[in-house]
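Printed here is final_29.tsv (TSV, C-alpha atoms):
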```
chain	number	residue	atom	x	y	z
A	13	MET	CA	47.20	20.38	54.71
A	14	SER	CA	46.23	23.23	52.39
A	15	THR	CA	43.67	25.70	53.77
A	16	ALA	CA	41.85	25.32	50.44
A	17	VAL	CA	41.07	21.68	51.28
A	18	THR	CA	38.96	20.24	54.07
A	19	ILE	CA	38.32	16.63	55.03
A	20	SER	CA	34.60	15.87	54.95
A	21	ALA	CA	34.45	12.18	55.93
A	22	VAL	CA	36.91	9.45	56.92
A	23	PHE	CA	36.66	5.67	57.26
A	24	PRO	CA	36.56	5.31	61.09
A	25	SER	CA	39.39	2.77	61.52
A	26	LEU	CA	41.53	3.82	58.58
A	27	ASP	CA	45.04	2.38	58.97
A	28	ARG	CA	46.98	5.08	57.18
A	29	ASP	CA	50.34	3.35	57.51
A	30	ALA	CA	49.08	0.22	55.74
A	31	ILE	CA	47.88	1.93	52.57
A	32	GLU	CA	50.01	1.28	49.48
A	33	ILE	CA	47.82	2.80	46.77
A	34	ALA	CA	45.42	5.74	46.87
A	35	ILE	CA	42.70	5.84	44.22
A	36	THR	CA	41.74	9.46	43.67
A	37	VAL	CA	38.27	10.24	42.32
A	38	PRO	CA	37.57	13.90	41.49
A	39	THR	CA	33.86	14.69	41.30
A	40	PHE	CA	31.67	17.59	40.21
A	41	ARG	CA	27.86	17.44	40.20
A	42	ARG	CA	27.59	13.74	39.37
A	43	PRO	CA	26.47	12.13	42.64
A	44	GLN	CA	24.78	9.07	41.14
A	45	GLN	CA	27.59	8.39	38.69
A	46	LEU	CA	30.08	8.82	41.52
A	47	LEU	CA	28.32	6.13	43.55
A	48	ALA	CA	28.55	3.75	40.59
A	49	THR	CA	32.27	4.53	40.26
A	50	LEU	CA	32.81	3.85	43.96
A	51	ALA	CA	30.88	0.57	43.75
A	52	SER	CA	33.24	-0.57	40.99
A	53	LEU	CA	36.22	0.28	43.19
A	54	ALA	CA	34.76	-1.61	46.14
A	55	ALA	CA	34.46	-4.63	43.82
A	56	GLN	CA	38.15	-4.70	42.84
A	57	ARG	CA	39.67	-8.20	42.89
A	58	THR	CA	42.96	-7.42	44.56
A	59	THR	CA	44.99	-8.08	47.70
A	60	ARG	CA	46.68	-4.70	47.40
A	61	ARG	CA	46.00	-2.36	50.29
A	62	PHE	CA	44.30	0.67	48.83
A	63	ALA	CA	42.23	3.61	49.99
A	64	ILE	CA	39.88	5.83	48.02
A	65	VAL	CA	40.14	9.62	48.09
A	66	VAL	CA	37.03	11.36	46.75
A	67	ILE	CA	37.67	15.00	45.83
A	68	GLU	CA	34.52	17.09	45.82
A	69	ASN	CA	35.10	20.14	43.62
A	70	GLU	CA	31.72	21.78	44.13
A	71	ALA	CA	32.33	23.53	47.45
A	72	GLU	CA	28.83	24.99	47.65
A	73	GLY	CA	26.42	22.18	46.76
A	74	ARG	CA	28.69	19.25	47.67
A	75	GLU	CA	26.33	16.71	46.09
A	76	GLY	CA	29.12	14.21	45.54
A	77	ALA	CA	30.49	14.52	49.07
A	78	GLU	CA	27.04	14.09	50.55
A	79	ALA	CA	26.32	11.06	48.40
A	80	ALA	CA	29.66	9.35	49.11
A	81	SER	CA	30.27	10.19	52.77
A	82	PRO	CA	27.84	7.63	54.32
A	83	ALA	CA	29.73	4.73	52.71
A	84	PHE	CA	33.01	5.92	54.21
A	85	LEU	CA	31.59	6.76	57.63
A	86	SER	CA	29.83	3.37	57.85
A	87	GLY	CA	33.00	1.49	56.92
A	88	SER	CA	31.71	0.24	53.56
A	89	LEU	CA	34.52	2.06	51.79
A	90	GLN	CA	38.04	2.62	53.06
A	91	GLY	CA	39.43	6.10	52.57
A	92	LEU	CA	38.20	9.65	52.87
A	93	VAL	CA	36.16	12.39	51.23
A	94	ILE	CA	37.69	15.84	50.87
A	95	VAL	CA	36.42	19.17	49.54
A	96	ALA	CA	38.72	21.14	47.23
A	97	HIS	CA	37.41	24.68	47.66
A	98	GLU	CA	39.22	26.12	44.64
A	99	ARG	CA	37.20	25.08	41.61
A	100	GLY	CA	38.79	23.62	38.53
A	101	ASN	CA	40.03	20.35	37.09
A	102	CYS	CA	43.67	20.91	38.04
A	103	CYS	CA	42.79	22.15	41.53
A	104	ALA	CA	40.85	18.95	42.20
A	105	TYR	CA	43.65	16.66	41.05
A	106	ASN	CA	46.30	18.62	42.93
A	107	ALA	CA	44.26	18.53	46.13
A	108	GLY	CA	43.64	14.79	45.91
A	109	TRP	CA	47.25	13.88	45.20
A	110	GLN	CA	48.59	16.16	47.91
A	111	ILE	CA	46.16	14.82	50.53
A	112	ALA	CA	47.01	11.23	49.57
A	113	LEU	CA	50.70	11.92	50.15
A	114	GLU	CA	49.99	13.63	53.48
A	115	GLN	CA	47.57	11.00	54.77
A	116	PHE	CA	49.39	7.81	53.72
A	117	PRO	CA	53.09	7.88	54.65
A	118	ASN	CA	53.90	4.53	53.00
A	119	LEU	CA	52.10	5.31	49.74
A	120	ARG	CA	53.67	3.63	46.72
A	121	ALA	CA	51.38	4.89	43.96
A	122	ILE	CA	48.28	6.87	43.09
A	123	ALA	CA	45.64	5.57	40.69
A	124	VAL	CA	43.15	7.93	39.08
A	125	ILE	CA	39.63	7.37	37.82
A	126	ASP	CA	36.96	9.95	36.98
A	127	ASP	CA	33.45	10.09	38.44
A	128	ASP	CA	31.81	9.12	35.14
A	129	GLU	CA	33.77	5.88	34.80
A	130	ILE	CA	33.34	2.28	35.92
A	131	ALA	CA	36.47	0.22	36.62
A	132	ASP	CA	36.66	-3.41	35.54
A	133	PRO	CA	37.14	-5.74	38.55
A	134	ASP	CA	40.84	-6.33	37.82
A	135	TRP	CA	41.58	-2.74	36.86
A	136	LEU	CA	43.82	-1.83	39.78
A	137	ASP	CA	45.82	-5.05	39.71
A	138	ARG	CA	46.39	-4.77	35.98
A	139	LEU	CA	47.70	-1.21	36.26
A	140	ALA	CA	50.00	-2.11	39.15
A	141	ASN	CA	51.20	-5.30	37.47
A	142	ALA	CA	51.92	-3.44	34.24
A	143	ALA	CA	54.03	-0.89	36.11
A	144	SER	CA	56.03	-3.70	37.72
A	145	ASP	CA	56.32	-5.99	34.70
A	146	LEU	CA	57.24	-3.22	32.25
A	147	GLY	CA	59.46	-1.26	34.60
A	148	ALA	CA	57.23	1.77	34.05
A	149	ASP	CA	56.81	4.79	36.33
A	150	ILE	CA	53.40	5.80	34.92
A	151	VAL	CA	50.79	3.57	33.30
A	152	GLY	CA	47.70	4.61	31.38
A	153	GLY	CA	44.75	2.53	30.26
A	154	PRO	CA	41.78	2.77	27.90
A	155	GLN	CA	38.64	4.74	28.67
A	156	VAL	CA	36.12	2.70	26.72
A	157	PRO	CA	33.16	4.90	25.76
A	158	VAL	CA	29.67	3.80	26.79
A	159	PHE	CA	27.29	5.92	24.76
A	160	ALA	CA	23.89	7.11	25.91
A	161	GLU	CA	22.21	5.72	22.79
A	162	PRO	CA	23.07	2.55	20.82
A	163	SER	CA	23.11	4.59	17.61
A	164	HIS	CA	25.95	6.70	19.00
A	165	ALA	CA	28.32	3.71	18.99
A	166	ARG	CA	29.54	4.76	15.54
A	167	TRP	CA	31.49	7.52	17.30
A	168	ALA	CA	33.68	5.01	19.17
A	169	SER	CA	36.39	5.12	16.51
A	170	HIS	CA	36.55	8.92	16.48
A	171	PRO	CA	39.94	10.18	17.80
A	172	VAL	CA	38.13	12.15	20.51
A	173	PHE	CA	36.95	8.86	22.03
A	174	ALA	CA	39.28	6.14	20.74
A	175	PRO	CA	42.26	5.09	22.91
A	176	PRO	CA	45.68	6.18	21.60
A	177	TYR	CA	47.20	2.66	21.74
A	178	ARG	CA	45.95	-0.87	21.10
A	179	GLN	CA	48.75	-2.90	22.67
A	180	THR	CA	50.28	-3.14	26.14
A	181	GLY	CA	53.84	-1.87	26.41
A	182	ILE	CA	56.15	1.11	26.82
A	183	VAL	CA	54.85	4.18	24.94
A	184	PRO	CA	56.32	7.57	24.03
A	185	ALA	CA	53.49	9.65	25.48
A	186	LEU	CA	50.30	9.57	27.51
A	187	TYR	CA	47.57	12.19	27.33
A	188	SER	CA	44.87	11.62	29.93
A	189	SER	CA	44.50	11.14	33.67
A	190	GLY	CA	41.07	9.50	33.38
A	191	ASN	CA	42.70	6.08	33.77
A	192	LEU	CA	46.16	6.43	35.25
A	193	PHE	CA	48.67	4.90	37.66
A	194	VAL	CA	51.47	7.15	38.96
A	195	THR	CA	54.24	5.69	41.11
A	196	ARG	CA	55.73	7.39	44.16
A	197	PRO	CA	59.09	8.34	42.60
A	198	VAL	CA	57.22	10.48	40.06
A	199	LEU	CA	55.17	12.19	42.76
A	200	ASP	CA	58.28	12.90	44.84
A	201	ALA	CA	60.23	14.31	41.89
A	202	MET	CA	57.67	16.52	40.17
A	203	GLU	CA	57.25	20.15	41.13
A	204	ARG	CA	54.16	21.31	43.01
A	205	PRO	CA	51.44	21.95	42.16
A	206	PHE	CA	51.47	18.81	40.05
A	207	LEU	CA	49.06	20.11	37.39
A	208	ASP	CA	49.56	23.61	35.98
A	209	LEU	CA	46.57	25.83	36.82
A	210	LYS	CA	46.82	27.39	33.36
A	211	PHE	CA	44.84	24.34	32.20
A	212	ASN	CA	42.31	24.45	35.04
A	213	PHE	CA	39.14	24.94	32.97
A	214	MET	CA	40.41	23.94	29.55
A	215	GLY	CA	41.81	20.51	30.35
A	216	GLY	CA	45.27	19.42	29.33
A	217	GLY	CA	46.89	19.79	32.73
A	218	ASP	CA	47.23	16.01	32.80
A	219	SER	CA	48.80	15.92	29.33
A	220	ASP	CA	51.26	18.62	30.38
A	221	PHE	CA	52.12	16.78	33.61
A	222	LEU	CA	52.74	13.55	31.71
A	223	SER	CA	54.88	15.36	29.14
A	224	ARG	CA	57.01	16.93	31.87
A	225	ALA	CA	57.37	13.58	33.64
A	226	SER	CA	58.56	12.00	30.42
A	227	GLN	CA	61.09	14.81	29.95
A	228	ARG	CA	62.49	14.01	33.39
A	229	GLY	CA	63.20	10.48	32.22
A	230	PHE	CA	60.24	8.62	33.73
A	231	ARG	CA	59.02	5.66	31.68
A	232	LEU	CA	55.46	5.68	30.39
A	233	ALA	CA	53.45	2.58	29.55
A	234	TRP	CA	50.02	1.55	28.33
A	235	CYS	CA	48.00	-1.37	29.67
A	236	VAL	CA	45.24	-2.28	27.24
A	237	GLU	CA	43.73	-4.74	29.76
A	238	ALA	CA	43.24	-2.11	32.51
A	239	ILE	CA	39.83	-0.93	31.34
A	240	VAL	CA	37.51	1.72	32.66
A	241	ARG	CA	34.18	2.37	30.95
A	242	GLU	CA	33.28	6.03	30.51
A	243	ALA	CA	29.69	7.25	30.24
A	244	VAL	CA	29.29	9.51	27.21
A	245	PRO	CA	26.15	11.67	27.36
A	246	ALA	CA	24.29	12.56	24.18
A	247	ARG	CA	25.64	16.10	24.33
A	248	ARG	CA	29.15	14.83	23.59
A	249	VAL	CA	28.30	13.37	20.21
A	250	GLU	CA	26.82	16.63	18.91
A	251	ARG	CA	28.91	18.07	16.13
A	252	ASP	CA	29.64	21.39	17.85
A	253	TRP	CA	30.98	19.57	20.93
A	254	ILE	CA	33.17	17.28	18.80
A	255	ARG	CA	34.47	20.29	16.89
A	256	ALA	CA	35.16	22.25	20.07
A	257	ARG	CA	36.96	19.30	21.65
A	258	SER	CA	39.07	18.79	18.52
A	259	LEU	CA	40.09	22.46	18.43
A	260	ARG	CA	40.85	22.30	22.15
A	261	ASN	CA	43.11	19.30	21.59
A	262	GLY	CA	45.07	21.38	19.12
A	263	VAL	CA	45.37	24.27	21.57
A	264	ILE	CA	46.60	21.92	24.29
A	265	SER	CA	49.10	20.40	21.88
A	266	THR	CA	50.66	23.82	21.24
A	267	LEU	CA	50.73	24.84	24.91
A	268	VAL	CA	52.27	21.56	26.04
A	269	GLU	CA	54.86	21.64	23.26
A	270	LYS	CA	55.84	25.21	24.08
A	271	LYS	CA	56.45	24.24	27.70
A	272	ARG	CA	58.45	21.23	26.58
A	273	ARG	CA	60.66	23.44	24.37
A	274	THR	CA	61.18	26.18	26.98
A	275	GLY	CA	64.78	27.39	26.93
A	276	LYS	CA	65.62	25.86	23.56
A	277	PRO	CA	66.74	28.03	20.61
A	278	PHE	CA	63.93	29.40	18.43
A	279	ALA	CA	61.41	27.43	20.49
A	280	ASN	CA	58.33	29.48	19.61
A	281	ALA	CA	59.26	29.68	15.94
A	282	ARG	CA	59.67	25.92	15.76
A	283	VAL	CA	56.24	25.38	17.30
A	284	VAL	CA	54.62	27.80	14.83
A	285	LEU	CA	56.37	26.19	11.87
A	286	LYS	CA	55.24	22.76	13.00
A	287	SER	CA	51.66	24.01	13.34
A	288	LEU	CA	51.78	25.52	9.85
A	289	ALA	CA	53.15	22.26	8.45
A	290	LEU	CA	50.40	20.26	10.15
A	291	LEU	CA	47.77	22.68	8.83
A	292	GLY	CA	49.16	22.36	5.32
A	293	ALA	CA	49.12	18.57	5.53
A	294	SER	CA	45.76	18.32	7.27
A	295	PRO	CA	43.53	18.27	4.14
A	296	LEU	CA	45.41	15.28	2.76
A	297	ARG	CA	45.49	13.55	6.14
A	298	GLY	CA	41.79	14.25	6.56
A	299	ALA	CA	40.97	12.92	3.09
A	300	LEU	CA	42.84	9.70	3.81
A	301	ARG	CA	40.90	9.28	7.06
A	302	LEU	CA	37.65	9.97	5.26
A	303	LEU	CA	38.41	7.32	2.64
A	304	LYS	CA	39.40	4.82	5.32
A	305	THR	CA	36.48	5.36	7.70
A	306	GLY	CA	33.74	6.98	5.63
A	307	SER	CA	33.29	9.52	8.44
A	308	ALA	CA	33.45	13.22	7.59
A	309	SER	CA	33.91	14.06	11.28
A	310	ILE	CA	36.94	11.78	11.57
A	311	GLY	CA	38.25	13.27	8.33
A	312	MET	CA	37.97	16.78	9.75
A	313	TYR	CA	39.76	15.93	13.00
A	314	PRO	CA	43.34	16.65	11.81
A	315	VAL	CA	42.11	19.92	10.24
A	316	TYR	CA	40.55	21.08	13.51
A	317	VAL	CA	43.56	20.04	15.57
A	318	ALA	CA	45.95	21.91	13.28
A	319	ALA	CA	43.67	24.97	13.34
A	320	GLY	CA	43.53	24.79	17.13
A	321	ARG	CA	47.32	24.71	17.30
A	322	LEU	CA	47.51	27.99	15.39
A	323	MET	CA	44.59	29.56	17.26
A	324	ALA	CA	46.56	29.03	20.47
A	325	GLU	CA	49.15	31.48	19.13
A	326	PHE	CA	46.45	34.18	19.29
A	327	GLY	CA	45.32	33.38	22.81
A	328	TYR	CA	42.37	31.14	21.98
A	329	ALA	CA	41.44	28.85	24.87
A	330	ASN	CA	38.28	26.78	24.84
A	331	GLU	CA	37.58	26.42	28.56
A	332	GLN	CA	34.95	23.71	28.26
A	333	TYR	CA	35.02	22.94	31.99
A	334	ARG	CA	34.11	26.49	33.02
A	335	GLN	CA	30.51	25.86	31.93
A	336	PRO	CA	29.85	22.26	32.98
A	337	GLU	CA	26.25	22.33	31.83
A	338	LYS	CA	27.54	22.59	28.24
A	339	ASN	CA	30.06	19.80	28.64
```
Can you give me the file's structure in the form of structure tokens?
Amino acid sequence: MSTAVTISAVFPSLDRDAIEIAITVPTFRRPQQLLATLASLAAQRTTRRFAIVVIENEAEGREGAEAASPAFLSGSLQGLVIVAHERGNCCAYNAGWQIALEQFPNLRAIAVIDDDEIADPDWLDRLANAASDLGADIVGGPQVPVFAEPSHARWASHPVFAPPYRQTGIVPALYSSGNLFVTRPVLDAMERPFLDLKFNFMGGGDSDFLSRASQRGFRLAWCVEAIVREAVPARRVERDWIRARSLRNGVISTLVEKKRRTGKPFANARVVLKSLALLGASPLRGALRLLKTGSASIGMYPVYVAAGRLMAEFGYANEQYRQPEKN
């Protein structure tokens, strides 16, 4: 076990050999939301043998670990609580996945849910069934936004919040780890650490991991029925946050594409040319979105993404997770 990770609490009679699926739950300063997430996992309608791994990424305050530990120690929840001492989104995911592999020798898959999400009762079964039925190595599912105010529901169709697919099936790409199912062959094949620390405070480490997995030939799928519901605070519908997230998505797009093209002729030039082409086309694409939706923010999305792609060439990185109070 890494010296940067400690185990804080363990289910007393945890049968490590019996566990087939580990559900990893990274957490940072959301103790009450974490408890709601864990309650939704305890309510899963499944016969699959799973354990929960909570990854506390606030090594000083440990609010999440303190809130969750009693349920594990009392036997209400099966699994363990760990502390990832190195802060950052990627550090938390890497710690959780590594501990799951070390603790559960017969592990067949890892499922991922964030600490601001509530899983539907059949969530785990639907992800696992989709992987089996579709012959997929990785399955993603929708993160349905639950807004703080009813009036904010108009943002649900914005690309920042809307799911990338609307049908179950094999897909060319996945972008988020907020609702994810990763099978053991992927975990065994991918290099460590799983998520590149370059993305630690910006986000996008999951998108990069999924892109690299696809390059290795692993099949990606989407399960529209495997729903988690994500709490969206009022801060995240403010125009500056939407703009910053849109620009960040563009930056991530460039960084992931550059990694994907590593070693290919004229790789950087091709990425720049693509970014310039997207920027040139973005006003028309934005105008079409505006006409279709009536939303200026949705219309501006392709413009911001294209601008973010080019800004990445000059070292711009919007590390939204470095200041969590603004996120």
Between atom CA of A:Arg272 and atom CA of A:Arg196, distance in Å (one decimal): 22.5 Å
Near-stretch 40-42 of chain A list (8 Å; all atoms listed in the file; drop same-chain fewer than 4 positions) as a ChimeraX atom specification: /A:46,68-70,74-76,127-128
Hey, can I get the axis-aligned box for stretch 139-142 of chain A? All listed atoms, 6 Å padding on each side, centre and edge lengths in Å to one decimal, as JSON.
```
{"center_x": 49.8, "center_y": -3.3, "center_z": 36.7, "size_x": 16.2, "size_y": 16.1, "size_z": 16.9}
```
Å distance separating atom CA of A:His170 from atom CA of A:Leu296, one decimal place: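 Going from atom CA of A:His170 over to atom CA of A:Leu296, I get 17.5 Å.
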Pick from A:Glu114, A:Asp134, A:Glu331, A:Glu98 nearest to A:Leu199, counting only C-alpha atoms: A:Glu114
d(atom CA of A:Ala318, atom CA of A:Lys270) in Å: 15.0 Å
Shell around stretch 102-110 of chain A at 10 Å using all atoms listed in the file, local window under 5 positions removed, as number ranges by chain: A: 13-14, 16-18, 34-40, 64-70, 93-97, 115, 121-124, 189, 199, 204-218
Residues near A:Ser188, cut-off 12 Å, only C-alpha atoms, skip fewer than 3 positions along chain, as a list in words: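 Selected residues are Val124, Ile125, Asp126, Ile150, Val151, Gly152, Gly153, Pro154, Gln155, Val172, Phe173, Pro175, Pro176, Ala185, Asn191, Leu192, Phe193, Gly215, Gly216, Gly217, Asp218, Ser219, Asp220, Phe221, Leu222, Ser223, Trp234, Asn261 and Ile264 of chain A.
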